[in-house]
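**Q** My questions all concern the structure below.
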Amino acid sequence: MIPLAWTLLTVLLWTSGSSHILQQEPVNRLYPKILSTEEIVCDCANIANMSCDSVYWFRSISNHRRSEFLGKCTIVRPTYGANVDSTRFKFISKTLSFTLRIINVTEEDTGIYSCVLKGRKNIEMWKPGTLLLPGVTPPTLPPKTNPKPPVKSVCRCSKKNSSQGCGSLVLWPLVGLIAAIALALICTLYYFSRLPKKCRHHFVKRR
């Protein structure tokens, strides 16, 4: 937090006399490889009612706890700060954004890089910046858990009988079968109960 506070104080001193706006944005993190090329973008497209003419670039070195003015970039030409290597730090201006390109990134470039956008009406927008961590392995994100597929119902009901449920389609035929067996048994018992005793005797004797 100390390097970020030093950056804000340096910005206020460099741009005194202007109306300042502090944009509330989270600090972005970049993990470039050593001796690679990294770009930090200062975007003006999402700022309402402000046309950006130039940008100031600052960085806070966390190891030395100091803030450094890198330079100023306009549409015409860039201007570098004292002791800034212009072969490694390149300022690129586009229509609605400014880019800081760092070539051959080293561990000494670790720090927070901030930008201040300047408009025509002497209005300046300060952005929190980007934390550059060269050679640092980025944290691994937790694996994404895929939701379990819904369990398909085994019941094969037609659309007409879907409101009644599948239990009724199985229950009623079973009830009908039991009723038919019971009726047949009752009829058989009733038939033998109506036979005369002689017929019963002959029937049992034949068996």
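Naming scheme: A, B, ... for chains in displayed order of the structure tokens; residues 1 onward per chain; ligands 1 onward as shown.
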Compile the contact shell of Asn104 of chain A as a PyMOL selection string: residues with an atom at most 9 Å away, counting only C-alpha atoms, same-chain residues fewer than 4 positions apart removed.
**A** chain A and resi 34-38+88
**Q** Find the spatial neighbours of Asp43 of chain A, counting only C-alpha atoms, within a cut-off of 12 Å - ignore same-chain residues fewer than 6 positions away - and output them as an mmCIF file with C-alpha atoms, in the first residue's frame.
**A**
data_model
loop_
_atom_site.group_PDB
_atom_site.id
_atom_site.type_symbol
_atom_site.label_atom_id
_atom_site.label_comp_id
_atom_site.auth_asym_id
_atom_site.auth_seq_id
_atom_site.Cartn_x
_atom_site.Cartn_y
_atom_site.Cartn_z
ATOM 1 C CA GLN A 23 -11.329 5.934 -10.766
ATOM 2 C CA MET A 50 -13.916 12.902 -21.436
ATOM 3 C CA SER A 51 -11.657 12.987 -24.466
ATOM 4 C CA CYS A 52 -8.073 12.028 -23.633
ATOM 5 C CA SER A 54 -2.285 12.731 -23.201
ATOM 6 C CA VAL A 55 -1.239 10.293 -20.484
ATOM 7 C CA ILE A 92 2.153 3.914 -27.875
ATOM 8 C CA SER A 93 -0.868 6.162 -28.470
ATOM 9 C CA LYS A 94 -4.077 4.992 -30.138
ATOM 10 C CA THR A 95 -7.482 6.530 -30.718
ATOM 11 C CA LEU A 96 -9.037 5.784 -27.321
ATOM 12 C CA SER A 97 -6.162 4.257 -25.378
ATOM 13 C CA PHE A 98 -2.486 4.553 -24.495
ATOM 14 C CA THR A 99 -0.126 1.613 -24.097
ATOM 15 C CA LEU A 100 3.106 1.190 -22.143
ATOM 16 C CA SER A 114 -0.169 3.619 -12.967
ATOM 17 C CA CYS A 115 -1.436 6.075 -15.549
ATOM 18 C CA VAL A 116 -3.103 9.484 -15.437
ATOM 19 C CA LEU A 117 -5.278 10.447 -18.391
ATOM 20 C CA LYS A 118 -5.555 14.147 -19.188
ATOM 21 C CA MET A 125 -8.361 10.728 -14.456
ATOM 22 C CA TRP A 126 -6.064 8.656 -12.243
ATOM 23 C CA LYS A 127 -6.274 4.862 -12.475
ATOM 24 C CA GLY A 129 -2.755 0.676 -12.197
#
**Q** Report as JSON lines the residues of segment 68-112 of chain A within 10 Å of segment 135-151 of chain A, each with its shortest atom pair and distance in Å (one decimal), using only C-alpha atoms, ordered by chain and increasing residue number.
**A**
{"residue": "A:Val105", "atom": "CA", "partner": "A:Gly135", "partner_atom": "CA", "distance": 9.0}
{"residue": "A:Thr106", "atom": "CA", "partner": "A:Gly135", "partner_atom": "CA", "distance": 8.0}
{"residue": "A:Glu107", "atom": "CA", "partner": "A:Gly135", "partner_atom": "CA", "distance": 6.9}
{"residue": "A:Thr110", "atom": "CA", "partner": "A:Gly135", "partner_atom": "CA", "distance": 9.4}
**Q** Would you mind exporting the chosen residues as an mmCIF file, in the first residue's frame, restricted to N, CA and C atoms?
**A**
data_model
loop_
_atom_site.group_PDB
_atom_site.id
_atom_site.type_symbol
_atom_site.label_atom_id
_atom_site.label_comp_id
_atom_site.auth_asym_id
_atom_site.auth_seq_id
_atom_site.Cartn_x
_atom_site.Cartn_y
_atom_site.Cartn_z
ATOM 1 N N VAL A 105 11.624 -7.750 -19.954
ATOM 2 C CA VAL A 105 11.214 -7.555 -18.564
ATOM 3 C C VAL A 105 12.170 -8.293 -17.631
ATOM 4 N N THR A 106 12.566 -7.631 -16.540
ATOM 5 C CA THR A 106 13.431 -8.230 -15.526
ATOM 6 C C THR A 106 12.737 -8.177 -14.167
ATOM 7 N N GLU A 107 13.358 -8.819 -13.177
ATOM 8 C CA GLU A 107 12.799 -8.806 -11.836
ATOM 9 C C GLU A 107 12.811 -7.405 -11.228
ATOM 10 N N THR A 110 9.595 -5.185 -11.172
ATOM 11 C CA THR A 110 8.460 -5.504 -10.307
ATOM 12 C C THR A 110 7.936 -4.241 -9.633
#
**Q** Within 8 Å of Glu68 of chain A, counting only C-alpha atoms, which residues qualify if same-chain residues fewer than 4 places away don't, as an MDAnalysis selection string?
**A** chainID A and resid 7 58:61
**Q** Those same residues, written as a PDB file, in the first residue's frame with N, CA and C atoms?
**A**
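As a result, out_14.pdb now contains:
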ATOM      1  N   THR A   7       2.709   6.824  -5.261  1.00  0.00           N
ATOM      2  CA  THR A   7       2.328   7.111  -6.649  1.00  0.00           C
ATOM      3  C   THR A   7       1.256   8.188  -6.702  1.00  0.00           C
ATOM      4  N   PHE A  58       3.502   6.381 -14.458  1.00  0.00           N
ATOM      5  CA  PHE A  58       4.275   6.294 -13.226  1.00  0.00           C
ATOM      6  C   PHE A  58       4.438   4.822 -12.848  1.00  0.00           C
ATOM      7  N   ARG A  59       5.434   4.563 -12.022  1.00  0.00           N
ATOM      8  CA  ARG A  59       5.567   3.229 -11.455  1.00  0.00           C
ATOM      9  C   ARG A  59       6.122   3.341 -10.041  1.00  0.00           C
ATOM     10  N   SER A  60       5.686   2.406  -9.190  1.00  0.00           N
ATOM     11  CA  SER A  60       6.143   2.334  -7.805  1.00  0.00           C
ATOM     12  C   SER A  60       6.949   1.059  -7.637  1.00  0.00           C
ATOM     13  N   ILE A  61       8.217   1.192  -7.331  1.00  0.00           N
ATOM     14  CA  ILE A  61       9.092   0.048  -7.121  1.00  0.00           C
ATOM     15  C   ILE A  61       8.923  -0.417  -5.682  1.00  0.00           C
TER      16      ILE A  61
END
**Q** Between atom CA of Thr130 of chain A and atom CA of Gly81 of chain A, what is the distance, to one decimal in Å?
**A**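 About the pair atom CA of Thr130 of chain A and atom CA of Gly81 of chain A: they are 19.3 Å apart.
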**Q** Counting only C-alpha atoms, which of A:Tyr190, A:Tyr31, A:Phe69, A:Trp57 gets nearest to Arg101 of chain A?
**A** A:Trp57
**Q** For Arg66 of chain A, which residue among A:Ile112, A:Val41, A:Ala82, A:Leu185 is the nearest when counting only C-alpha atoms?
**A**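 Looking only at the distances to Arg66 of chain A, the closest residue turns out to be A:Ile112.
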**Q** Go through A:Lys90, A:Thr188, A:Ile178, A:Pro26 and flag the residue nearest Arg77 of chain A, using only C-alpha atoms for the distances.
**A**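 Once distances to Arg77 of chain A are computed over only C-alpha atoms, the minimum belongs to A:Lys90.
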